[in-house]
Each structure stands twice: as C-alpha cells, then as structure tokens.
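Data block for final-v8.cif (mmCIF, C-alpha atoms):
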```cif
data_upload
loop_
_atom_site.label_atom_id
_atom_site.label_comp_id
_atom_site.auth_asym_id
_atom_site.auth_seq_id
_atom_site.Cartn_x
_atom_site.Cartn_y
_atom_site.Cartn_z
CA MET T 22 164.94 -27.69 -3.81
CA GLY T 23 161.35 -28.50 -4.70
CA THR T 24 160.13 -25.92 -2.19
CA LEU T 25 160.06 -22.14 -1.93
CA ALA T 26 163.11 -22.12 0.37
CA GLY T 27 164.88 -24.59 -1.92
CA HIS T 28 164.58 -22.20 -4.88
CA LEU T 29 165.26 -19.05 -2.86
CA LEU T 30 168.68 -20.27 -1.70
CA PRO T 31 170.22 -20.72 -5.17
CA GLY T 32 168.34 -17.65 -6.45
CA LEU T 33 169.88 -15.40 -3.80
CA PHE T 34 173.25 -17.13 -4.30
CA PHE T 35 173.27 -16.34 -8.02
CA LEU T 36 171.96 -12.80 -7.39
CA PHE T 37 174.76 -12.09 -4.89
CA PHE T 38 177.44 -13.22 -7.34
CA SER T 39 175.80 -11.42 -10.27
CA LEU T 40 175.76 -8.12 -8.38
CA TYR T 41 179.34 -8.73 -7.27
CA TYR T 42 180.45 -9.34 -10.85
CA SER T 43 178.48 -6.30 -12.00
CA VAL T 44 180.61 -4.14 -9.72
CA LEU T 45 183.81 -5.88 -10.86
CA LEU T 46 182.81 -5.41 -14.50
CA SER T 47 182.01 -1.73 -14.04
CA LEU T 48 185.29 -0.97 -12.29
CA ALA T 49 187.29 -2.99 -14.82
CA LEU T 50 185.77 -1.04 -17.72
CA LEU T 51 186.26 2.30 -15.99
CA ARG T 52 189.89 1.54 -15.16
CA GLY T 53 190.66 0.05 -18.56
CA GLN T 54 191.80 -3.25 -17.05
CA ARG T 55 192.96 -5.99 -19.36
CA PHE T 56 191.34 -8.70 -17.22
CA LEU T 57 188.07 -8.68 -15.30
CA LYS T 58 189.91 -9.96 -12.23
CA PRO T 59 193.67 -9.37 -12.52
CA PRO T 60 195.80 -12.40 -11.54
CA LEU T 61 196.98 -12.36 -7.96
CA PRO T 62 200.66 -11.90 -7.10
CA PRO T 63 202.68 -15.02 -6.21
CA ARG T 64 201.61 -16.74 -3.00
CA LYS T 65 204.73 -15.76 -1.05
CA LYS T 66 203.95 -12.04 -1.58
CA ARG T 67 200.38 -12.22 -0.22
CA GLY T 68 201.08 -12.81 3.46
CA HIS T 69 200.95 -16.01 5.46
CA ARG T 70 197.72 -15.73 7.49
CA TRP T 71 194.90 -17.94 6.29
CA TRP T 72 192.43 -15.08 5.81
CA GLN T 73 194.92 -13.43 3.46
CA LEU T 74 195.08 -16.54 1.31
CA VAL T 75 191.56 -18.04 1.30
CA PRO T 76 189.43 -16.31 -1.40
CA VAL T 77 186.09 -15.03 -0.18
CA GLU T 78 184.39 -15.99 -3.45
CA GLY T 79 185.53 -19.60 -3.21
CA ALA T 80 184.60 -19.83 0.47
CA VAL T 81 181.08 -18.52 -0.23
CA LYS T 82 180.63 -21.08 -3.01
CA VAL T 83 181.66 -23.89 -0.67
CA VAL T 84 179.43 -22.76 2.22
CA ILE T 85 176.31 -22.19 0.08
CA SER T 86 176.80 -25.44 -1.83
CA LEU T 87 177.26 -27.48 1.36
CA THR T 88 174.15 -25.84 2.83
CA GLY T 89 172.17 -26.80 -0.26
CA ILE T 90 173.46 -30.39 -0.25
CA ILE T 91 172.68 -30.92 3.43
CA SER T 92 169.19 -29.45 3.06
CA GLU T 93 168.46 -31.71 0.08
CA PHE T 94 169.30 -34.79 2.13
CA PHE T 95 168.06 -33.90 5.61
CA TYR T 96 165.45 -31.10 5.39
CA PRO T 97 162.90 -31.10 6.93
CA LEU T 98 164.55 -32.39 10.07
CA GLY T 99 164.13 -36.11 10.56
CA THR T 100 164.21 -37.02 6.87
CA ASN T 101 167.02 -38.98 5.22
CA ARG T 102 167.31 -39.06 1.43
CA LEU T 103 170.80 -40.50 1.23
CA LYS T 104 169.42 -43.74 -0.21
CA ILE T 105 169.68 -43.85 -3.98
CA VAL T 106 168.27 -47.38 -4.52
CA ASP T 107 165.47 -49.19 -2.70
CA TRP T 108 167.19 -52.50 -2.01
CA GLU T 109 164.11 -53.90 -0.28
CA ASP T 110 162.12 -53.75 -3.51
CA PRO T 111 162.88 -56.68 -5.86
CA GLN T 112 162.89 -54.28 -8.84
CA ARG T 113 165.57 -52.07 -7.17
CA PRO T 114 164.02 -48.72 -8.18
CA PHE T 115 165.95 -45.47 -7.85
CA LEU T 116 164.82 -43.06 -5.14
CA PHE T 117 164.68 -39.27 -4.73
CA HIS T 118 165.81 -38.48 -8.28
CA ASN T 119 164.93 -34.78 -7.97
CA ASN T 120 167.00 -34.42 -4.81
CA TRP T 121 169.95 -36.22 -6.35
CA GLN T 122 169.76 -33.91 -9.38
CA HIS T 123 169.89 -30.89 -7.08
CA VAL T 124 172.75 -32.38 -5.06
CA THR T 125 174.69 -32.94 -8.29
CA MET T 126 174.17 -29.28 -9.28
CA TYR T 127 175.34 -28.07 -5.87
CA GLY T 128 178.24 -30.53 -5.99
CA PHE T 129 179.75 -28.99 -9.11
CA PHE T 130 179.53 -25.49 -7.66
CA LEU T 131 181.17 -26.90 -4.53
CA LEU T 132 183.92 -28.23 -6.81
CA SER T 133 184.26 -24.78 -8.38
CA GLY T 134 184.67 -23.20 -4.96
CA MET T 135 187.29 -25.75 -3.93
CA VAL T 136 189.20 -25.13 -7.18
CA ASP T 137 189.18 -21.38 -6.40
CA ILE T 138 190.60 -22.04 -2.93
CA VAL T 139 193.28 -24.45 -4.15
CA SER T 140 194.26 -22.18 -7.05
CA GLN T 141 194.56 -19.05 -4.92
CA SER T 142 195.71 -20.49 -1.59
CA CYS T 143 197.73 -23.61 -2.24
CA GLN T 144 199.41 -23.11 -5.60
CA ALA T 145 202.45 -20.90 -5.97
CA GLN T 146 200.89 -19.13 -8.96
CA HIS T 147 197.25 -18.11 -9.43
CA ASN T 148 195.66 -20.38 -12.09
CA THR T 149 192.76 -18.39 -13.55
CA LYS T 150 192.19 -20.78 -16.45
CA LEU T 151 191.55 -23.67 -14.08
CA GLU T 152 189.07 -21.57 -12.12
CA ARG T 153 187.16 -20.52 -15.25
CA ALA T 154 187.10 -24.14 -16.48
CA ALA T 155 185.63 -25.39 -13.18
CA GLU T 156 183.03 -22.61 -13.21
CA ALA T 157 182.12 -23.36 -16.83
CA LEU T 158 181.70 -27.03 -15.95
CA ALA T 159 179.33 -26.15 -13.10
CA PHE T 160 177.07 -24.05 -15.34
CA CYS T 161 177.12 -26.62 -18.16
CA VAL T 162 176.11 -29.35 -15.71
CA LEU T 163 173.37 -27.08 -14.37
CA ALA T 164 171.97 -26.55 -17.88
CA LEU T 165 172.20 -30.28 -18.68
CA LEU T 166 170.42 -31.36 -15.50
CA MET T 167 167.76 -28.69 -15.96
CA ALA T 168 167.04 -30.19 -19.39
CA ALA T 169 166.46 -33.57 -17.72
CA HIS T 170 164.66 -32.00 -14.77
CA ILE T 171 161.63 -31.05 -16.87
CA GLU T 172 160.67 -34.64 -17.71
CA ASN T 173 157.16 -35.58 -16.56
CA LYS T 174 156.43 -32.00 -15.48
CA SER T 175 153.46 -29.78 -16.21
CA ALA T 176 153.56 -27.35 -19.14
CA LEU T 177 154.04 -24.48 -16.68
CA GLU T 178 157.12 -26.04 -15.03
CA ILE T 179 158.55 -26.99 -18.41
CA ARG T 180 158.22 -23.41 -19.69
CA VAL T 181 159.84 -21.74 -16.66
CA HIS T 182 162.71 -24.23 -16.60
CA VAL T 183 163.36 -23.99 -20.36
CA LEU T 184 163.56 -20.21 -20.03
CA PHE T 185 165.95 -20.71 -17.10
CA ILE T 186 168.19 -22.91 -19.26
CA VAL T 187 168.73 -20.13 -21.84
CA PRO T 188 170.80 -17.72 -19.66
CA THR T 189 172.42 -20.65 -17.85
CA PHE T 190 173.74 -22.09 -21.11
CA LEU T 191 174.97 -18.67 -22.28
CA VAL T 192 176.88 -18.09 -19.03
CA GLY T 193 178.49 -21.51 -19.36
CA LEU T 194 179.37 -20.85 -23.00
CA VAL T 195 181.03 -17.51 -22.19
CA LEU T 196 183.00 -19.11 -19.35
CA ILE T 197 184.26 -21.80 -21.75
CA ILE T 198 185.42 -19.12 -24.20
CA GLU T 199 187.07 -17.17 -21.36
CA VAL T 200 189.31 -20.13 -20.59
CA TRP T 201 191.24 -19.23 -23.76
CA VAL T 202 190.16 -15.60 -24.35
CA PRO T 203 189.84 -13.91 -20.93
CA ASP T 204 190.52 -10.33 -22.05
CA GLN T 205 187.37 -9.51 -24.03
CA PRO T 206 185.09 -6.92 -22.34
CA PRO T 207 182.05 -7.82 -24.52
CA LEU T 208 182.20 -11.33 -23.05
CA TRP T 209 182.35 -9.88 -19.52
CA VAL T 210 179.25 -7.83 -20.22
CA LEU T 211 177.32 -10.77 -21.69
CA LYS T 212 178.27 -13.07 -18.82
CA THR T 213 177.30 -10.57 -16.14
CA TRP T 214 174.06 -9.60 -17.90
CA MET T 215 173.00 -13.23 -18.29
CA GLY T 216 173.94 -13.86 -14.65
CA LEU T 217 171.55 -11.12 -13.57
CA VAL T 218 168.81 -12.52 -15.82
CA LEU T 219 169.42 -16.05 -14.51
CA SER T 220 169.21 -15.03 -10.85
CA ASN T 221 166.20 -12.75 -11.32
CA TRP T 222 164.34 -15.41 -13.28
CA LEU T 223 165.03 -18.02 -10.60
CA LEU T 224 163.48 -15.66 -8.03
CA GLN T 225 160.58 -15.06 -10.45
CA LEU T 226 160.17 -18.83 -10.62
CA CYS T 227 159.60 -18.83 -6.85
CA VAL T 228 156.80 -16.28 -7.29
CA VAL T 229 155.17 -18.15 -10.17
CA MET T 230 155.23 -21.61 -8.60
CA TYR T 231 154.82 -20.92 -4.88
CA VAL T 232 153.59 -17.40 -4.05
CA PRO T 233 151.72 -15.92 -7.06
CA LEU T 234 151.08 -12.22 -6.56
CA SER T 235 147.44 -12.55 -7.68
CA GLY T 236 146.73 -15.10 -4.96
CA GLN T 237 145.61 -17.58 -7.63
CA PRO T 238 147.90 -20.34 -8.92
CA TRP T 239 149.15 -20.19 -12.49
CA ARG T 240 147.23 -22.56 -14.77
CA ALA T 241 149.40 -24.89 -16.80
CA GLU T 242 146.56 -25.64 -19.22
CA ASN T 243 145.91 -21.96 -19.97
CA HIS T 244 147.82 -20.79 -23.06
CA MET T 245 147.47 -17.17 -21.95
CA ASP T 246 149.36 -17.86 -18.72
CA LEU T 247 152.13 -19.64 -20.65
CA ALA T 248 152.38 -16.76 -23.12
CA PHE T 249 152.82 -14.26 -20.30
CA LEU T 250 155.68 -16.35 -18.85
CA THR T 251 157.68 -15.70 -22.01
CA ILE T 252 156.69 -12.03 -21.92
CA PHE T 253 157.89 -11.74 -18.32
CA PHE T 254 161.18 -13.42 -19.24
CA CYS T 255 161.74 -10.80 -21.96
CA TRP T 256 161.07 -8.14 -19.34
CA HIS T 257 163.75 -9.74 -17.18
CA LEU T 258 166.20 -9.39 -20.08
CA GLY T 259 165.51 -5.67 -20.06
CA LEU T 260 165.57 -5.51 -16.27
CA GLY T 261 169.00 -7.15 -16.21
CA ALA T 262 170.34 -4.62 -18.72
CA VAL T 263 168.88 -1.69 -16.76
CA LEU T 264 170.26 -3.04 -13.48
CA LEU T 265 173.71 -3.51 -15.02
CA ALA T 266 173.62 0.03 -16.46
CA ALA T 267 172.57 1.44 -13.08
CA ILE T 268 175.43 -0.33 -11.29
CA TYR T 269 177.84 0.96 -13.93
CA GLY T 270 176.54 4.49 -13.40
CA ILE T 271 176.96 4.29 -9.62
CA CYS T 272 180.48 2.87 -9.99
CA SER T 273 181.28 5.58 -12.54
CA LEU T 274 180.28 8.31 -10.08
CA TRP T 275 182.34 6.69 -7.35
CA HIS T 276 185.33 6.19 -9.67
CA HIS T 277 185.33 9.79 -10.90
CA HIS T 278 184.85 11.10 -7.36
CA CYS T 279 187.89 9.14 -6.14
CA SER T 280 189.91 10.11 -9.22
CA SER T 281 189.25 13.80 -8.62
CA GLY T 282 189.80 13.65 -4.85
CA PRO T 283 192.74 15.14 -2.95
CA GLY T 284 194.66 11.87 -3.04
CA ALA T 285 194.46 11.76 -6.82
CA SER T 286 196.16 15.12 -7.43
CA GLY T 287 199.74 15.43 -8.58
CA ALA T 288 201.64 13.14 -10.86
CA ARG T 289 199.94 10.13 -12.39
CA TYR T 290 202.47 7.38 -12.65
CA GLN T 291 201.77 4.71 -15.24
CA PRO T 292 203.66 1.55 -16.08
CA CYS T 293 205.98 2.03 -18.98
CA PRO T 294 204.65 0.13 -22.03
CA ILE T 295 206.87 -2.63 -23.28
CA GLY T 296 208.11 -2.51 -26.84
CA TYR T 297 209.05 1.14 -27.22
CA SER T 298 212.42 2.09 -28.60
CA SER T 299 214.94 4.22 -26.73
CA GLU T 300 213.99 7.20 -28.92
CA GLU T 301 210.30 7.00 -27.92
CA LEU T 302 210.84 6.76 -24.16
CA PRO T 303 211.86 10.46 -23.68
CA LYS T 304 208.70 11.48 -25.53
CA LEU T 305 206.58 9.36 -23.20
CA GLY T 306 208.32 10.92 -20.20
CA ALA T 307 207.65 14.41 -21.49
CA GLY T 308 203.99 13.51 -22.02
CA ALA T 309 203.73 12.25 -18.42
CA GLU T 310 205.15 15.52 -17.13
CA LEU T 311 202.59 17.54 -19.09
CA GLN T 312 199.76 15.31 -17.87
CA GLY T 313 200.73 15.39 -14.20
CA GLY T 314 201.99 18.94 -14.06
CA GLY T 315 205.61 17.88 -13.52
CA VAL T 316 207.11 14.86 -11.80
#
```

Please rewrite the model in this file as structure tokens.
Amino acid sequence: MGTLAGHLLPGLFFLFFSLYYSVLLSLALLRGQRFLKPPLPPRKKRGHRWWQLVPVEGAVKVVISLTGIISEFFYPLGTNRLKIVDWEDPQRPFLFHNNWQHVTMYGFFLLSGMVDIVSQSCQAQHNTKLERAAEALAFCVLALLMAAHIENKSALEIRVHVLFIVPTFLVGLVLIIEVWVPDQPPLWVLKTWMGLVLSNWLLQLCVVMYVPLSGQPWRAENHMDLAFLTIFFCWHLGLGAVLLAAIYGICSLWHHHCSSGPGASGARYQPCPIGYSSEELPKLGAGAELQGGGV
C-alpha cells in the first residue's frame, strides 16, 4: 500500500461504496423509508440460485480485500512478505510492519464482507445488526491502525494521515450507533457524507504524495505546505456535501419522473398502519379513494 497503486485501490473501493450509499440514501429519503436498506425477506422466499442469495456488496468487499492482501504480500511479482519475524537474526526483529498493518486493515473488511454473505445467504433471517457491527469494527480498526501508522513519518505524512483518521473515526462511530439505532436519517447523511470525504481525501493523498500537480514534491518542512493540506481537507468537506446534494438532486428527478409516469397512475395502495381502531379504518379508506381517484 506504500505505492500509488496501493493507495488507489482502497481509495477507489471507498469511493465506489460511498457513491453507492449516496444513491441508497437519496432514494430512502425520497421514499420515506424507515431503514436505509430494508431487511430482506426470509431466505426461503428469495429463490434458491446462488446469485439470488449472495449479496453483491459483500462479494465486492471480499474480492477487493483479497486483492489488497495478495498485493501486499506478493507485489511486485517475485517478492514474498509473508515472514513476520526474521528468525535468522539473533534479535528476532519483526519484518514488513507496514505491509502487515495494511493486511490487517484489509482483513477486517474481508471479515465484514464474509459477515454480509453469511447473514444474507446462509441464515434464515437477515441479521442487519451483525452486519453493521462487523462494518463498524472494520472502520474502528482502520482508524486505530492509521494512528499507529504515522509513527516515524515525516510531518507531511503525519498531517495527511491524521486528517484521514477524522472521517474514518466518524464513519465507525455512526456505524456503532446504527447497531442499536438504525432508523435515523441524520446518521445516514453523516455516514455517507464522511464516506465521500474519506474516499476523496484518500485519492487526494495519492496526488500529494506521489503525483503532485505542480510537478514539485510537497515539502514536509515548509509550514505553508502543511497549512494548505488542512485547507484542502476543508475543501473536501464542502466537496463531499456538494457531491451528496448533486446525487440527491439526480435521484429526486428520477424518482419524480417514475412517480409521474404511466405506470404510476391510478390507485396508490399503501400498507395499512397498525394501531388504528375500527372506527378510524373507514376514514383511511375514504382518504385513499380520494387520493387515488377511486379504488
């Protein structure tokens, strides 16, 4: 991960999921859903073919995480970083600590993907709390290892990684809260917004450390360069909010277009709310007839 390609892979991975969750968030708010991702029906009602059971989100997590783990150990071709201790040295020093940190990060996202697959494919009932807990664990581990990752680094690397920890920690915190309180739209918005900031900043990190746009490397000893890193991070906060608002606007146009299409005309059937008395039900039925022009 200490290369341009090593940072691009997780950056694009987080960006893909952040955009995906931005669409989910927008549609959930427009439809007035109680949950960001409604629980799936029981396993026996979802078909029996494997592609009907295996969640795409979990499969993508597993594939990307395995790709990252393999590249940390064996890329470039011919290298082997599986050794964790140099047994030939009498002092038995640890080896490849950066690679093992990255493998640990990927490993917990691999665990999250496997939990998604087991929860949605193998269990009789969809366990959303277990999925959120595994995802929260992955982000908390990522923030913890990033805090240790900045030891013995230059001031420039310390600054970019500390700024990366901020949205990572907030995403993990929201996911922890969602284990018990999953039906709060403000938490969905904060999580998705911070996910966009996290992914965009990780891609910005690639530009700062490996391909600076000016053609000149950033200077860790220059306080002006360090000050502009924080300024750019604040810009990414605004960029994430603008991007989220733009996705919401596009989804809103699509949602209203589909709602006003030919297939949306006629009666609008809605589930009958639970808890109404027998005297209130005829009133609700009359209201549905007025809304849909007659049932």

Name all residues at most 12 Å from T:Val139 (count all atoms listed in the file; drop same-chain ones fewer than 3 positions away) and give them as a VMD selection string. chain T and resid 64 74 to 76 79 to 80 132 to 136 142 to 149 151 to 152 155

Based on the selection just made, write C-alpha atoms of those residues as a PDB file, in the frame of the given file.
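So the final result, stored in result.pdb, reads:
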```pdb
ATOM      1  CA  ARG T  64     201.610 -16.740  -3.000  1.00  0.00           C
ATOM      2  CA  LEU T  74     195.080 -16.540   1.310  1.00  0.00           C
ATOM      3  CA  VAL T  75     191.560 -18.040   1.300  1.00  0.00           C
ATOM      4  CA  PRO T  76     189.430 -16.310  -1.400  1.00  0.00           C
ATOM      5  CA  GLY T  79     185.530 -19.600  -3.210  1.00  0.00           C
ATOM      6  CA  ALA T  80     184.600 -19.830   0.470  1.00  0.00           C
ATOM      7  CA  LEU T 132     183.920 -28.230  -6.810  1.00  0.00           C
ATOM      8  CA  SER T 133     184.260 -24.780  -8.380  1.00  0.00           C
ATOM      9  CA  GLY T 134     184.670 -23.200  -4.960  1.00  0.00           C
ATOM     10  CA  MET T 135     187.290 -25.750  -3.930  1.00  0.00           C
ATOM     11  CA  VAL T 136     189.200 -25.130  -7.180  1.00  0.00           C
ATOM     12  CA  SER T 142     195.710 -20.490  -1.590  1.00  0.00           C
ATOM     13  CA  CYS T 143     197.730 -23.610  -2.240  1.00  0.00           C
ATOM     14  CA  GLN T 144     199.410 -23.110  -5.600  1.00  0.00           C
ATOM     15  CA  ALA T 145     202.450 -20.900  -5.970  1.00  0.00           C
ATOM     16  CA  GLN T 146     200.890 -19.130  -8.960  1.00  0.00           C
ATOM     17  CA  HIS T 147     197.250 -18.110  -9.430  1.00  0.00           C
ATOM     18  CA  ASN T 148     195.660 -20.380 -12.090  1.00  0.00           C
ATOM     19  CA  THR T 149     192.760 -18.390 -13.550  1.00  0.00           C
ATOM     20  CA  LEU T 151     191.550 -23.670 -14.080  1.00  0.00           C
ATOM     21  CA  GLU T 152     189.070 -21.570 -12.120  1.00  0.00           C
ATOM     22  CA  ALA T 155     185.630 -25.390 -13.180  1.00  0.00           C
TER      23      ALA T 155
END
```

Atomic separation - atom CA of T:Leu223 relative to atom CA of T:Leu260, Å: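 Taking atom CA of T:Leu260 and atom CA of T:Leu223, their separation equals 13.7 Å.
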
Rounded to one decimal place, report the atom CA of T:Tyr269-atom CA of T:Pro59 distance in Å.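 Atom CA of T:Pro59 lies at a distance of 19.0 Å from atom CA of T:Tyr269.
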
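Evaluating the PyMOL selection byres ((chain T and resi 221) around 8) against the shown model yields Gly32, Leu36, Leu217, Val218, Leu219, Ser220, Trp222, Leu223, Leu224, Gln225, His257 and Gly261 of chain T.
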
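Using only C-alpha atoms, the nearest neighbour of T:Leu208 within the list T:Trp108, T:Trp256, T:Phe35, T:Phe56 is T:Phe56.
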
Determine, counting only C-alpha atoms, every residue of protein, DNA or RNA that lies within 12 Å of (178.3, 3.9, -15.7) in the file coordinates, then give the result as a list in words.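 Checked against the point, the hits come out as Ser43, Val44, Leu46, Ser47, Leu48, Ala49, Leu50, Leu51, Arg52, Val263, Leu264, Leu265, Ala266, Ala267, Ile268, Tyr269, Gly270, Ile271, Cys272, Ser273, Leu274, Trp275, His276 and His277 of chain T.
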
Atom-to-atom span, atom CA of T:Trp239 and atom CA of T:Leu191, Å: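 For atom CA of T:Trp239 relative to atom CA of T:Leu191, the distance reads 27.7 Å.
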
Selected residue, from T:Leu25, T:Val183, T:Met126, T:Ala262, that lies nearest to T:Trp214 when counting all atoms listed in the file: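 Closest candidate: T:Ala262.
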
Which residues would end up in the selection if the PyMOL selection byres ((chain T and resi 199-206) around 6) were applied here, given that I need the answer as an MDAnalysis selection string? chainID T and resid 55:56 150 153 196:198 207:209

Neighbours of T:Ser175 within 10 Å (only C-alpha atoms; same-chain residues fewer than 3 positions away dropped), as a PyMOL selection string? chain T and resi 171-172+178-180+240-242

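What the PyMOL selection byres ((chain T and resi 81-90) around 9) picks from this file is Met22, Gly27, Leu30, Pro31, Phe34, Pro76, Val77, Glu78, Gly79, Ala80, Ile91, Ser92, Glu93, Phe94, Phe95, Asn120, His123, Val124, Thr125, Met126, Tyr127, Gly128, Phe129, Phe130, Leu131, Leu132, Ser133, Gly134 and Met135 of chain T.
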
For each of T:Cys255, T:Leu166, T:Ala154, T:Leu98, take the minimum atom-to-atom distance to T:Gly193, counting only C-alpha atoms, then give the residue where this is smallest.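 The closest residue to T:Gly193 is T:Ala154.
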
Residue with the minimum atom-to-atom distance to T:Ile186, picked from T:Trp121, T:Phe249, T:Phe160, T:Tyr42 with all atoms listed in the file counted, is T:Phe160

Please determine, counting all atoms listed in the file, which residue among T:Thr251, T:Gln237, T:Thr213, T:Thr100 has the shortest atom-to-atom distance to T:Val181. T:Thr251

List as a VMD selection string the protein and nucleic acid residues near T:His170, meaning an atom at most 8 Å away when only C-alpha atoms are counted, but skip any in the same chain fewer than 3 places from it. chain T and resid 119 122 166 to 167

Those same residues - C-alpha atoms - I'd like them written as a compact mmCIF listing (two decimals), keeping the file's coordinate frame.
```txt
# COMPACT_ATOMS: atom_id res chain seq x y z
CA ASN T 119 164.93 -34.78 -7.97
CA GLN T 122 169.76 -33.91 -9.38
CA LEU T 166 170.42 -31.36 -15.50
CA MET T 167 167.76 -28.69 -15.96
```

Sel. within 10 Å of pt (168.2, -42.1, 2.8), counting all atoms listed in the file, output as a VMD selection string: chain T and resid 94 to 95 100 to 107 116 to 117

Smallest atom-to-atom distance to T:Leu57: which of T:Leu258, T:Leu247, T:Ala26, T:Val210, using all atoms listed in the file?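 For T:Leu57, the nearest of the candidates is T:Val210.
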